[in-house]
$ cat target_24.pdb   # PDB, C-alpha atoms and all ligand atoms
ATOM      1  CA  MET A   1      -7.689 -25.694 -13.417
ATOM      2  CA  GLU A   2      -9.841 -22.756 -12.317
ATOM      3  CA  ASN A   3     -10.049 -19.797 -14.728
ATOM      4  CA  PHE A   4     -10.165 -16.105 -13.876
ATOM      5  CA  ASP A   5     -10.135 -12.955 -15.985
ATOM      6  CA  TYR A   6      -7.680 -11.154 -13.700
ATOM      7  CA  ILE A   7      -5.261 -12.735 -11.248
ATOM      8  CA  ILE A   8      -3.750 -10.208  -8.825
ATOM      9  CA  LEU A   9      -0.592 -11.258  -6.977
ATOM     10  CA  GLY A  10      -0.312  -9.671  -3.534
ATOM     11  CA  ALA A  11      -3.160  -8.176  -1.476
ATOM     12  CA  GLY A  12      -1.182  -5.154  -0.309
ATOM     13  CA  SER A  13      -1.797  -1.440  -0.750
ATOM     14  CA  ALA A  14      -2.129  -1.710  -4.510
ATOM     15  CA  GLY A  15      -3.571  -5.250  -4.697
ATOM     16  CA  CYS A  16      -6.627  -4.469  -2.550
ATOM     17  CA  VAL A  17      -7.410  -1.362  -4.610
ATOM     18  CA  LEU A  18      -7.105  -3.347  -7.843
ATOM     19  CA  ALA A  19      -9.330  -6.128  -6.496
ATOM     20  CA  ASN A  20     -11.991  -3.594  -5.566
ATOM     21  CA  ARG A  21     -11.913  -1.727  -8.866
ATOM     22  CA  LEU A  22     -11.648  -4.728 -11.191
ATOM     23  CA  SER A  23     -14.397  -6.715  -9.473
ATOM     24  CA  ALA A  24     -16.730  -3.687  -9.630
ATOM     25  CA  ASN A  25     -17.560  -4.974 -13.103
ATOM     26  CA  PRO A  26     -19.651  -8.119 -12.472
ATOM     27  CA  ASN A  27     -18.478  -9.559 -15.783
ATOM     28  CA  HIS A  28     -14.888  -9.804 -14.475
ATOM     29  CA  LYS A  29     -13.910 -12.867 -12.501
ATOM     30  CA  VAL A  30     -11.063 -11.814 -10.203
ATOM     31  CA  LEU A  31      -8.639 -13.755  -8.003
ATOM     32  CA  LEU A  32      -6.537 -12.011  -5.334
ATOM     33  CA  ILE A  33      -3.647 -14.072  -3.938
ATOM     34  CA  GLU A  34      -1.936 -13.141  -0.661
ATOM     35  CA  ALA A  35       1.021 -14.925   0.970
ATOM     36  CA  GLY A  36       0.184 -13.626   4.456
ATOM     37  CA  SER A  37      -2.818 -14.392   6.645
ATOM     38  CA  LYS A  38      -6.091 -12.560   7.174
ATOM     39  CA  ASP A  39      -5.639  -9.268   9.026
ATOM     40  CA  THR A  40      -7.192 -10.579  12.244
ATOM     41  CA  ASN A  41      -4.294  -9.656  14.548
ATOM     42  CA  PRO A  42      -5.774  -6.808  16.667
ATOM     43  CA  TRP A  43      -2.427  -4.981  16.739
ATOM     44  CA  ILE A  44      -2.793  -4.355  13.004
ATOM     45  CA  HIS A  45      -5.824  -2.185  13.661
ATOM     46  CA  ILE A  46      -4.651  -0.320  16.763
ATOM     47  CA  PRO A  47      -2.633   2.629  15.389
ATOM     48  CA  GLY A  48       0.275   2.293  17.832
ATOM     49  CA  GLY A  49       0.299  -1.468  17.257
ATOM     50  CA  TYR A  50       2.918  -1.415  14.533
ATOM     51  CA  PHE A  51       5.525  -1.907  17.195
ATOM     52  CA  LYS A  52       3.977  -5.380  17.577
ATOM     53  CA  THR A  53       3.490  -6.139  13.880
ATOM     54  CA  MET A  54       6.793  -4.863  12.492
ATOM     55  CA  LEU A  55       9.565  -7.460  12.850
ATOM     56  CA  ASN A  56       6.904 -10.040  13.644
ATOM     57  CA  PRO A  57       7.198 -12.862  11.069
ATOM     58  CA  LYS A  58       3.427 -13.420  11.185
ATOM     59  CA  THR A  59       2.784  -9.970   9.705
ATOM     60  CA  ASP A  60       6.157  -8.808   8.331
ATOM     61  CA  TRP A  61       8.461 -10.401   5.747
ATOM     62  CA  CYS A  62      11.340  -9.319   8.032
ATOM     63  CA  PHE A  63      13.687  -8.562   5.156
ATOM     64  CA  GLN A  64      17.217  -7.378   5.715
ATOM     65  CA  THR A  65      19.198  -5.333   3.247
ATOM     66  CA  GLU A  66      22.625  -6.263   1.965
ATOM     67  CA  ARG A  67      25.503  -4.744   3.865
ATOM     68  CA  GLU A  68      25.597  -1.048   3.033
ATOM     69  CA  LYS A  69      29.029   0.359   2.448
ATOM     70  CA  TYR A  70      28.017   3.936   3.242
ATOM     71  CA  CYS A  71      26.223   2.972   6.450
ATOM     72  CA  ASP A  72      29.185   1.537   8.259
ATOM     73  CA  ASN A  73      28.731  -1.765   6.390
ATOM     74  CA  ARG A  74      25.588  -2.499   8.323
ATOM     75  CA  GLU A  75      22.623  -4.651   7.282
ATOM     76  CA  MET A  76      19.363  -2.748   7.768
ATOM     77  CA  VAL A  77      16.021  -4.183   8.792
ATOM     78  CA  TYR A  78      13.559  -3.641   5.962
ATOM     79  CA  PRO A  79       9.972  -4.327   7.063
ATOM     80  CA  ARG A  80       7.282  -5.164   4.455
ATOM     81  CA  GLY A  81       3.745  -6.175   5.366
ATOM     82  CA  LYS A  82       2.717  -9.803   4.984
ATOM     83  CA  THR A  83      -1.021  -9.938   5.563
ATOM     84  CA  LEU A  84      -4.164  -8.591   3.913
ATOM     85  CA  GLY A  85      -3.451  -4.897   3.323
ATOM     86  CA  GLY A  86       0.273  -5.638   2.959
ATOM     87  CA  SER A  87       2.463  -2.787   4.152
ATOM     88  CA  SER A  88      -0.607  -0.568   4.628
ATOM     89  CA  SER A  89      -1.443  -2.902   7.540
ATOM     90  CA  ILE A  90       1.861  -2.295   9.318
ATOM     91  CA  ASN A  91       2.963   1.150   8.138
ATOM     92  CA  GLY A  92       3.163   4.470   9.988
ATOM     93  CA  MET A  93      -0.198   5.623   8.463
ATOM     94  CA  LEU A  94       1.142   9.043   7.405
ATOM     95  CA  TYR A  95      -0.976  10.306   4.527
ATOM     96  CA  ILE A  96       1.415  12.278   2.328
ATOM     97  CA  ARG A  97       1.033  12.569  -1.433
ATOM     98  CA  GLY A  98       3.962  13.153  -3.749
ATOM     99  CA  GLN A  99       5.204  16.544  -4.802
ATOM    100  CA  SER A 100       3.275  18.067  -7.739
ATOM    101  CA  ASN A 101       6.566  18.862  -9.510
ATOM    102  CA  ASP A 102       7.487  15.172  -9.538
ATOM    103  CA  PHE A 103       4.195  14.202 -11.149
ATOM    104  CA  ASN A 104       4.562  17.010 -13.698
ATOM    105  CA  TYR A 105       8.101  15.901 -14.493
ATOM    106  CA  TRP A 106       6.898  12.348 -15.132
ATOM    107  CA  ARG A 107       4.278  13.754 -17.494
ATOM    108  CA  GLN A 108       6.928  15.796 -19.283
ATOM    109  CA  LEU A 109       8.896  12.601 -19.846
ATOM    110  CA  GLY A 110       5.948  11.418 -21.909
ATOM    111  CA  ASN A 111       3.777   9.622 -19.344
ATOM    112  CA  VAL A 112       0.292  10.651 -20.362
ATOM    113  CA  GLY A 113      -2.119  10.792 -17.416
ATOM    114  CA  TRP A 114       0.546  11.339 -14.733
ATOM    115  CA  SER A 115       0.617  15.125 -14.297
ATOM    116  CA  TRP A 116      -0.486  16.525 -10.925
ATOM    117  CA  GLU A 117      -3.680  17.767 -12.557
ATOM    118  CA  ASP A 118      -4.329  14.262 -13.910
ATOM    119  CA  VAL A 119      -3.770  12.402 -10.634
ATOM    120  CA  LEU A 120      -5.399  14.860  -8.223
ATOM    121  CA  PRO A 121      -8.976  13.740  -9.079
ATOM    122  CA  TYR A 122      -7.962  10.148  -8.214
ATOM    123  CA  PHE A 123      -6.409  11.177  -4.897
ATOM    124  CA  LYS A 124      -9.670  12.950  -4.124
ATOM    125  CA  LYS A 125     -11.801  10.049  -5.296
ATOM    126  CA  SER A 126      -9.958   7.641  -2.998
ATOM    127  CA  GLU A 127     -10.177   9.888   0.052
ATOM    128  CA  ASP A 128     -12.611  10.308   2.906
ATOM    129  CA  PHE A 129     -11.221  13.460   4.463
ATOM    130  CA  GLN A 130     -12.321  14.239   7.983
ATOM    131  CA  PHE A 131     -13.183  17.859   7.160
ATOM    132  CA  GLY A 132     -15.004  17.136   3.906
ATOM    133  CA  GLU A 133     -14.333  18.022   0.324
ATOM    134  CA  ASN A 134     -12.302  21.013  -0.840
ATOM    135  CA  GLU A 135      -9.928  21.896  -3.690
ATOM    136  CA  PHE A 136      -7.382  19.246  -2.643
ATOM    137  CA  HIS A 137      -9.409  16.719  -0.647
ATOM    138  CA  GLY A 138     -12.247  14.339  -1.287
ATOM    139  CA  SER A 139     -14.945  12.878   0.911
ATOM    140  CA  GLY A 140     -16.812   9.596   0.836
ATOM    141  CA  GLY A 141     -13.888   7.626  -0.655
ATOM    142  CA  PRO A 142     -12.610   4.309   0.755
ATOM    143  CA  LEU A 143      -9.469   5.711   2.444
ATOM    144  CA  ALA A 144     -10.125   7.601   5.672
ATOM    145  CA  VAL A 145      -7.802  10.559   6.316
ATOM    146  CA  GLN A 146      -7.846  12.287   9.684
ATOM    147  CA  GLU A 147      -5.802  14.898  11.459
ATOM    148  CA  ILE A 148      -3.949  13.971  14.616
ATOM    149  CA  ARG A 149      -6.222  14.401  17.653
ATOM    150  CA  GLY A 150      -3.810  16.196  19.953
ATOM    151  CA  THR A 151      -0.768  18.412  19.672
ATOM    152  CA  PHE A 152       2.554  18.100  21.485
ATOM    153  CA  LYS A 153       4.187  20.976  23.274
ATOM    154  CA  VAL A 154       7.678  19.847  22.293
ATOM    155  CA  CYS A 155       6.682  19.730  18.604
ATOM    156  CA  ASP A 156       5.041  23.146  18.778
ATOM    157  CA  LEU A 157       8.144  24.644  20.399
ATOM    158  CA  PHE A 158      10.360  22.971  17.788
ATOM    159  CA  MET A 159       8.258  24.432  14.974
ATOM    160  CA  ASP A 160       8.280  27.884  16.606
ATOM    161  CA  ALA A 161      12.064  27.727  16.771
ATOM    162  CA  ALA A 162      12.367  26.552  13.140
ATOM    163  CA  GLU A 163      10.039  29.336  12.034
ATOM    164  CA  GLU A 164      12.339  31.869  13.678
ATOM    165  CA  PHE A 165      15.054  30.473  11.391
ATOM    166  CA  GLY A 166      12.901  31.163   8.337
ATOM    167  CA  HIS A 167      11.294  27.736   7.744
ATOM    168  CA  LYS A 168       7.661  27.904   6.741
ATOM    169  CA  ARG A 169       4.691  26.175   8.288
ATOM    170  CA  THR A 170       2.026  24.334   6.343
ATOM    171  CA  ASP A 171      -1.410  23.205   7.373
ATOM    172  CA  ASP A 172      -1.741  20.859   4.373
ATOM    173  CA  PHE A 173       1.005  18.533   3.123
ATOM    174  CA  ASN A 174      -1.264  17.220   0.369
ATOM    175  CA  ASN A 175      -1.788  20.245  -1.850
ATOM    176  CA  GLY A 176       1.141  19.408  -4.127
ATOM    177  CA  ASP A 177       3.728  21.344  -2.137
ATOM    178  CA  ASN A 178       5.259  19.209   0.605
ATOM    179  CA  GLU A 179       7.552  21.859   1.972
ATOM    180  CA  GLY A 180       6.824  23.131   5.444
ATOM    181  CA  MET A 181       6.281  22.068   9.010
ATOM    182  CA  GLY A 182       3.097  20.851  10.567
ATOM    183  CA  TYR A 183       1.250  17.834  11.887
ATOM    184  CA  PHE A 184       0.831  14.970   9.426
ATOM    185  CA  PRO A 185      -2.634  13.545   8.701
ATOM    186  CA  PHE A 186      -3.144   9.807   9.165
ATOM    187  CA  THR A 187      -5.066   7.058   7.391
ATOM    188  CA  VAL A 188      -7.181   6.364  10.434
ATOM    189  CA  ARG A 189     -10.945   6.135  10.967
ATOM    190  CA  ASN A 190     -12.456   6.473  14.431
ATOM    191  CA  GLY A 191      -9.202   5.610  16.146
ATOM    192  CA  LEU A 192      -8.506   2.513  14.002
ATOM    193  CA  ARG A 193      -6.047   1.999  11.112
ATOM    194  CA  CYS A 194      -7.608   2.308   7.675
ATOM    195  CA  SER A 195      -5.441  -0.080   5.648
ATOM    196  CA  THR A 196      -6.388  -0.776   2.037
ATOM    197  CA  ALA A 197      -7.782  -4.119   3.235
ATOM    198  CA  VAL A 198     -10.136  -2.219   5.535
ATOM    199  CA  GLY A 199     -10.913   0.583   3.082
ATOM    200  CA  TYR A 200     -11.046  -1.254  -0.233
ATOM    201  CA  LEU A 201     -11.319  -4.997   0.347
ATOM    202  CA  ASN A 202     -13.662  -5.456   3.302
ATOM    203  CA  PRO A 203     -16.599  -3.641   1.691
ATOM    204  CA  VAL A 204     -16.440  -5.846  -1.448
ATOM    205  CA  LYS A 205     -15.039  -9.186  -0.344
ATOM    206  CA  LYS A 206     -18.461 -10.835  -0.568
ATOM    207  CA  ARG A 207     -18.779 -10.063  -4.272
ATOM    208  CA  LYS A 208     -19.456 -13.333  -6.053
ATOM    209  CA  ASN A 209     -16.961 -12.518  -8.809
ATOM    210  CA  LEU A 210     -14.066 -11.930  -6.367
ATOM    211  CA  LYS A 211     -12.114 -14.734  -4.713
ATOM    212  CA  VAL A 212      -9.502 -13.915  -2.070
ATOM    213  CA  VAL A 213      -7.005 -16.574  -1.014
ATOM    214  CA  THR A 214      -4.673 -16.057   1.963
ATOM    215  CA  ASN A 215      -1.656 -18.052   3.164
ATOM    216  CA  ALA A 216      -1.128 -18.603  -0.543
ATOM    217  CA  HIS A 217       2.415 -17.952  -1.705
ATOM    218  CA  VAL A 218       2.778 -17.401  -5.453
ATOM    219  CA  LYS A 219       5.533 -19.665  -6.714
ATOM    220  CA  ASN A 220       5.817 -18.658 -10.355
ATOM    221  CA  ILE A 221       4.088 -17.355 -13.448
ATOM    222  CA  GLU A 222       3.926 -19.280 -16.719
ATOM    223  CA  PHE A 223       3.873 -17.697 -20.157
ATOM    224  CA  ASP A 224       2.195 -18.624 -23.413
ATOM    225  CA  ASN A 225       4.646 -17.056 -25.844
ATOM    226  CA  LYS A 226       5.041 -13.598 -24.340
ATOM    227  CA  LYS A 227       1.710 -13.528 -22.509
ATOM    228  CA  ALA A 228       1.544 -14.410 -18.801
ATOM    229  CA  ASP A 229      -1.404 -16.742 -18.519
ATOM    230  CA  LYS A 230      -0.879 -19.174 -15.639
ATOM    231  CA  VAL A 231       0.000 -18.732 -11.963
ATOM    232  CA  ASN A 232       1.145 -21.450  -9.568
ATOM    233  CA  TYR A 233       0.876 -20.877  -5.837
ATOM    234  CA  TRP A 234       1.526 -22.877  -2.721
ATOM    235  CA  ILE A 235      -1.082 -23.576  -0.082
ATOM    236  CA  GLY A 236       0.957 -25.433   2.486
ATOM    237  CA  LYS A 237       2.882 -27.951   0.439
ATOM    238  CA  ASN A 238       0.307 -28.196  -2.351
ATOM    239  CA  VAL A 239       0.746 -26.283  -5.563
ATOM    240  CA  ILE A 240      -2.459 -24.847  -7.033
ATOM    241  CA  SER A 241      -2.526 -23.723 -10.672
ATOM    242  CA  VAL A 242      -4.883 -21.072 -12.007
ATOM    243  CA  LYS A 243      -5.351 -19.633 -15.470
ATOM    244  CA  ALA A 244      -5.808 -15.989 -16.455
ATOM    245  CA  ASN A 245      -8.011 -15.231 -19.455
ATOM    246  CA  LYS A 246      -7.074 -11.548 -19.499
ATOM    247  CA  GLU A 247      -4.215 -10.467 -17.206
ATOM    248  CA  VAL A 248      -1.825 -11.548 -14.470
ATOM    249  CA  ILE A 249      -1.077  -8.481 -12.333
ATOM    250  CA  LEU A 250       1.985  -8.196 -10.106
ATOM    251  CA  SER A 251       0.559  -5.626  -7.743
ATOM    252  CA  SER A 252       3.828  -4.564  -6.140
ATOM    253  CA  GLY A 253       7.568  -4.453  -6.565
ATOM    254  CA  THR A 254       7.828  -6.533  -3.418
ATOM    255  CA  ILE A 255       6.215  -9.714  -4.752
ATOM    256  CA  VAL A 256       8.612 -12.482  -3.777
ATOM    257  CA  LEU A 257       8.422 -15.453  -6.119
ATOM    258  CA  LEU A 258       9.919 -18.916  -5.660
ATOM    259  CA  ARG A 259      10.986 -18.414  -2.052
ATOM    260  CA  TYR A 260       9.296 -21.424  -0.547
ATOM    261  CA  TRP A 261      11.672 -21.378   2.417
ATOM    262  CA  SER A 262      10.729 -17.799   3.314
ATOM    263  CA  ARG A 263       7.049 -18.532   3.895
TER
HETATM  264  C1  LIG B 301       7.085  -0.117   8.540
HETATM  265  C2  LIG B 301       6.603   0.728   7.390
HETATM  266  C3  LIG B 301       6.202   2.050   7.614
HETATM  267  C4  LIG B 301       5.745   2.824   6.550
HETATM  268  N1  LIG B 301       5.182   4.055   6.797
HETATM  269  C5  LIG B 301       4.530   4.728   5.800
HETATM  270  C6  LIG B 301       3.766   5.889   6.072
HETATM  271  O1  LIG B 301       3.640   6.312   7.216
HETATM  272  N2  LIG B 301       3.142   6.505   5.031
HETATM  273  C7  LIG B 301       3.236   6.026   3.742
HETATM  274  O2  LIG B 301       2.651   6.631   2.821
HETATM  275  N3  LIG B 301       3.933   4.910   3.459
HETATM  276  C8  LIG B 301       4.545   4.234   4.464
HETATM  277  N4  LIG B 301       5.202   3.058   4.194
HETATM  278  C9  LIG B 301       5.293   2.625   2.798
HETATM  279  C10 LIG B 301       3.975   2.051   2.255
HETATM  280  O3  LIG B 301       3.281   1.319   3.244
HETATM  281  C11 LIG B 301       4.334   1.159   1.050
HETATM  282  O4  LIG B 301       5.028   1.948   0.099
HETATM  283  C12 LIG B 301       3.101   0.585   0.361
HETATM  284  O5  LIG B 301       2.250  -0.060   1.297
HETATM  285  C13 LIG B 301       3.566  -0.410  -0.720
HETATM  286  O6  LIG B 301       2.431  -0.906  -1.357
HETATM  287  P1  LIG B 301       2.532  -2.124  -2.375
HETATM  288  O7  LIG B 301       1.155  -2.442  -2.811
HETATM  289  O8  LIG B 301       3.569  -1.800  -3.399
HETATM  290  O9  LIG B 301       3.175  -3.321  -1.508
HETATM  291  P2  LIG B 301       2.658  -4.016  -0.188
HETATM  292  O10 LIG B 301       1.588  -3.198   0.472
HETATM  293  O11 LIG B 301       3.868  -4.348   0.620
HETATM  294  O12 LIG B 301       1.956  -5.321  -0.733
HETATM  295  C14 LIG B 301       2.645  -6.419  -1.293
HETATM  296  C15 LIG B 301       1.823  -7.651  -0.916
HETATM  297  O13 LIG B 301       2.255  -8.751  -1.706
HETATM  298  C16 LIG B 301       2.321  -9.887  -0.868
HETATM  299  N5  LIG B 301       3.256 -10.842  -1.496
HETATM  300  C17 LIG B 301       4.585 -10.702  -1.694
HETATM  301  N6  LIG B 301       5.094 -11.785  -2.325
HETATM  302  C18 LIG B 301       4.039 -12.618  -2.542
HETATM  303  C19 LIG B 301       3.897 -13.908  -3.145
HETATM  304  N7  LIG B 301       4.946 -14.542  -3.689
HETATM  305  N8  LIG B 301       2.676 -14.484  -3.170
HETATM  306  C20 LIG B 301       1.583 -13.845  -2.655
HETATM  307  N9  LIG B 301       1.659 -12.624  -2.056
HETATM  308  C21 LIG B 301       2.869 -12.033  -2.014
HETATM  309  C22 LIG B 301       2.818  -9.342   0.458
HETATM  310  O14 LIG B 301       2.580 -10.238   1.531
HETATM  311  C23 LIG B 301       2.008  -8.050   0.554
HETATM  312  O15 LIG B 301       0.750  -8.228   1.158
HETATM  313  C24 LIG B 301       5.703   2.269   5.235
HETATM  314  C25 LIG B 301       6.111   0.943   5.017
HETATM  315  C26 LIG B 301       6.529   0.166   6.085
HETATM  316  C27 LIG B 301       6.888  -1.278   5.830
END

$ encode --input "target_24.pdb" --output "structure tokens"
Amino acid sequence: MENFDYIILGAGSAGCVLANRLSANPNHKVLLIEAGSKDTNPWIHIPGGYFKTMLNPKTDWCFQTEREKYCDNREMVYPRGKTLGGSSSINGMLYIRGQSNDFNYWRQLGNVGWSWEDVLPYFKKSEDFQFGENEFHGSGGPLAVQEIRGTFKVCDLFMDAAEEFGHKRTDDFNNGDNEGMGYFPFTVRNGLRCSTAVGYLNPVKKRKNLKVVTNAHVKNIEFDNKKADKVNYWIGKNVISVKANKEVILSSGTIVLLRYWSR
């Protein structure tokens, strides 16, 4: 059984970042396990292509919600990315941080390190903002953030009308105050989607201490007393077992274990 220090389940938005950061230390041996395929489908990278990748079982888990009583008892489609980059490979690419008040509230609840002031340096560190560094934006980070290239007359007229009704405009949704109208920035570089696979994984995937496996569906996690130390995953019909010396990391709330039939 192969041994790793860290085993990361899911190569989505969070998983690719974790793989990059943990393998930056050459003493860490890291395994990143992804149920979906490599992100070679060209529609992943063309910004408007999410109409081809959403609801496509090769790139989307194609979940459906339970019937929702307050939505006329309907089942809703609930897309989630299933490829390197996870949902960041099929999402709408809007780059919008949370509200500063929410972060500050979390801190007040006792979560050290989660105030707006605490997290802002990390937002900036991760960012490669088109117009360079300023109080709220960073440059040179792995995640490209660009403004929309054109404007739309209908949107401008809509915003003019809303302004007449007293709604405010904003030219930056990422300064901690999300209120206002304006054009969203996108996680796009030179006209192509900047998923976390593109931004965080591609530059480091040749590191000798990082192994990335795709089409590998994690089946279950085994525990030694209360410590997770073994992961079993399917490649086709074979089950591969790997051991974690330090940590098993579930990178997302959407890791689906034991659903062999859903692969
Ligand atoms: C259609 C759509 C549009 C969206 N638009 C926006 C937007 O414009 N702006 C924005 O900020 N957010 C948007 N989001 C939300 C955002 O993309 C997600 O919140 C974010 O990507 C979640 O990151 P994650 O790391 O938690 O999960 P994911 O990125 O979904 O990663 C989970 C990964 O785990 C893998 N996985 C799951 N189960 C297993 C298993 N058993 N074994 C191995 N691998 C497994 C999955 O295949 C996936 O790659 C959108 C999401 C979708 C789906």

$ atom_distance --input "target_24.pdb" --atom1 "atom CA of Lys82 of chain A" --atom2 "atom CA of Asn3 of chain A"
25.5 Å

$ residues_around --input "target_24.pdb" --residues "Asn27 of chain A" --least-positions-apart "5" --cutoff "12 Å" --atoms "all atoms listed in the file" --output "list in words"
Phe4, Asp5, Tyr6, Leu22, Arg207, Lys208, Asn209 and Leu210 of chain A

$ resolve_selection --input "target_24.pdb" --expression "the PyMOL selection byres (((chain A and resi 14) around 9) and not hetatm)" --output "compact mmCIF listing (two decimals) with C-alpha atoms, in the frame of the given file"
# COMPACT_ATOMS: atom_id res chain seq x y z
CA GLY A 10 -0.31 -9.67 -3.53
CA ALA A 11 -3.16 -8.18 -1.48
CA GLY A 12 -1.18 -5.15 -0.31
CA SER A 13 -1.80 -1.44 -0.75
CA GLY A 15 -3.57 -5.25 -4.70
CA CYS A 16 -6.63 -4.47 -2.55
CA VAL A 17 -7.41 -1.36 -4.61
CA LEU A 18 -7.10 -3.35 -7.84
CA ALA A 19 -9.33 -6.13 -6.50
CA GLY A 85 -3.45 -4.90 3.32
CA GLY A 86 0.27 -5.64 2.96
CA THR A 196 -6.39 -0.78 2.04
CA SER A 251 0.56 -5.63 -7.74
CA SER A 252 3.83 -4.56 -6.14

$ resolve_selection --input "target_24.pdb" --expression "the PyMOL selection byres (((not hetatm)) within 6 of (chain B and resi 301))" --output "ChimeraX atom specification"
/A:9-15,33-36,79-88,90-96,216-219,251-257

$ resolve_selection --input "target_24.pdb" --expression "the PyMOL selection byres (((chain A and resi 149) around 12) and not hetatm)" --output "VMD selection string"
chain A and resid 130 146 to 148 150 to 152 183 to 186 188 to 191

$ atom_distance --input "target_24.pdb" --atom1 "atom CA of Phe123 of chain A" --atom2 "atom CA of His137 of chain A"
7.6 Å

$ atom_distance --input "target_24.pdb" --atom1 "atom CA of Tyr70 of chain A" --atom2 "atom CA of Met54 of chain A"
24.8 Å

$ closest_residue --input "target_24.pdb" --among "A:Ser115, A:Asn215, A:Thr53, A:Ser37" --to "Gly176 of chain A" --atoms "all atoms listed in the file"
A:Ser115

$ closest_residue --input "target_24.pdb" --among "A:Pro42, A:Pro26, A:Gly182, A:Pro203" --to "Leu157 of chain A" --atoms "only C-alpha atoms"
A:Gly182

$ closest_residue --input "target_24.pdb" --among "A:Asn56, A:Asn73, A:Asn175, A:Asn134" --to "Asn101 of chain A" --atoms "all atoms listed in the file"
A:Asn175

$ closest_residue --input "target_24.pdb" --among "A:Thr65, A:Cys71, A:Glu2, A:Ala24" --to "Tyr200 of chain A" --atoms "only C-alpha atoms"
A:Ala24

$ residues_around --input "target_24.pdb" --residues "Ile46 of chain A" --least-positions-apart "2" --cutoff "10 Å" --atoms "all atoms listed in the file" --output "list in words"
Asn41, Pro42, Trp43, Ile44, Gly48, Gly49, Tyr50, Val188, Gly191, Leu192, Arg193 and Cys194 of chain A

$ residues_around --input "target_24.pdb" --residues "Gly180 of chain A" --least-positions-apart "3" --cutoff "10 Å" --atoms "all atoms listed in the file" --output "list in words"
Met159, Glu163, His167, Lys168, Arg169, Thr170, Asp171, Asp172, Phe173 and Asp177 of chain A

$ write_last_selection --input "target_24.pdb" --atoms "C-alpha atoms" --output "PDB file, in the coordinates of the input"
ATOM      1  CA  MET A 159       8.258  24.432  14.974  1.00  0.00           C
ATOM      2  CA  GLU A 163      10.039  29.336  12.034  1.00  0.00           C
ATOM      3  CA  HIS A 167      11.294  27.736   7.744  1.00  0.00           C
ATOM      4  CA  LYS A 168       7.661  27.904   6.741  1.00  0.00           C
ATOM      5  CA  ARG A 169       4.691  26.175   8.288  1.00  0.00           C
ATOM      6  CA  THR A 170       2.026  24.334   6.343  1.00  0.00           C
ATOM      7  CA  ASP A 171      -1.410  23.205   7.373  1.00  0.00           C
ATOM      8  CA  ASP A 172      -1.741  20.859   4.373  1.00  0.00           C
ATOM      9  CA  PHE A 173       1.005  18.533   3.123  1.00  0.00           C
ATOM     10  CA  ASP A 177       3.728  21.344  -2.137  1.00  0.00           C
TER      11      ASP A 177
END

$ residues_around --input "target_24.pdb" --residues "Asp118 of chain A" --least-positions-apart "4" --cutoff "10 Å" --atoms "all atoms listed in the file" --output "PDB file with C-alpha atoms, in the coordinates of the input"
ATOM      1  CA  PHE A 103       4.195  14.202 -11.149  1.00  0.00           C
ATOM      2  CA  ASN A 104       4.562  17.010 -13.698  1.00  0.00           C
ATOM      3  CA  ARG A 107       4.278  13.754 -17.494  1.00  0.00           C
ATOM      4  CA  VAL A 112       0.292  10.651 -20.362  1.00  0.00           C
ATOM      5  CA  GLY A 113      -2.119  10.792 -17.416  1.00  0.00           C
ATOM      6  CA  TRP A 114       0.546  11.339 -14.733  1.00  0.00           C
ATOM      7  CA  TYR A 122      -7.962  10.148  -8.214  1.00  0.00           C
ATOM      8  CA  PHE A 123      -6.409  11.177  -4.897  1.00  0.00           C
TER       9      PHE A 123
END

$ closest_residue --input "target_24.pdb" --among "A:Ser23, A:Gly138, A:Lys226, A:Asn220" --to "Val239 of chain A" --atoms "only C-alpha atoms"
A:Asn220

$ closest_residue --input "target_24.pdb" --among "A:Gly236, A:Gly132, A:Gly110, A:Gly98" --to "Asn174 of chain A" --atoms "only C-alpha atoms"
A:Gly98

$ axis_aligned_box --input "target_24.pdb" --around "segment 92-108 of chain A" --padding-each-side "3 Å" --output "JSON"
{"center_x": 3.6, "center_y": 11.7, "center_z": -4.6, "size_x": 15.1, "size_y": 20.4, "size_z": 35.3}
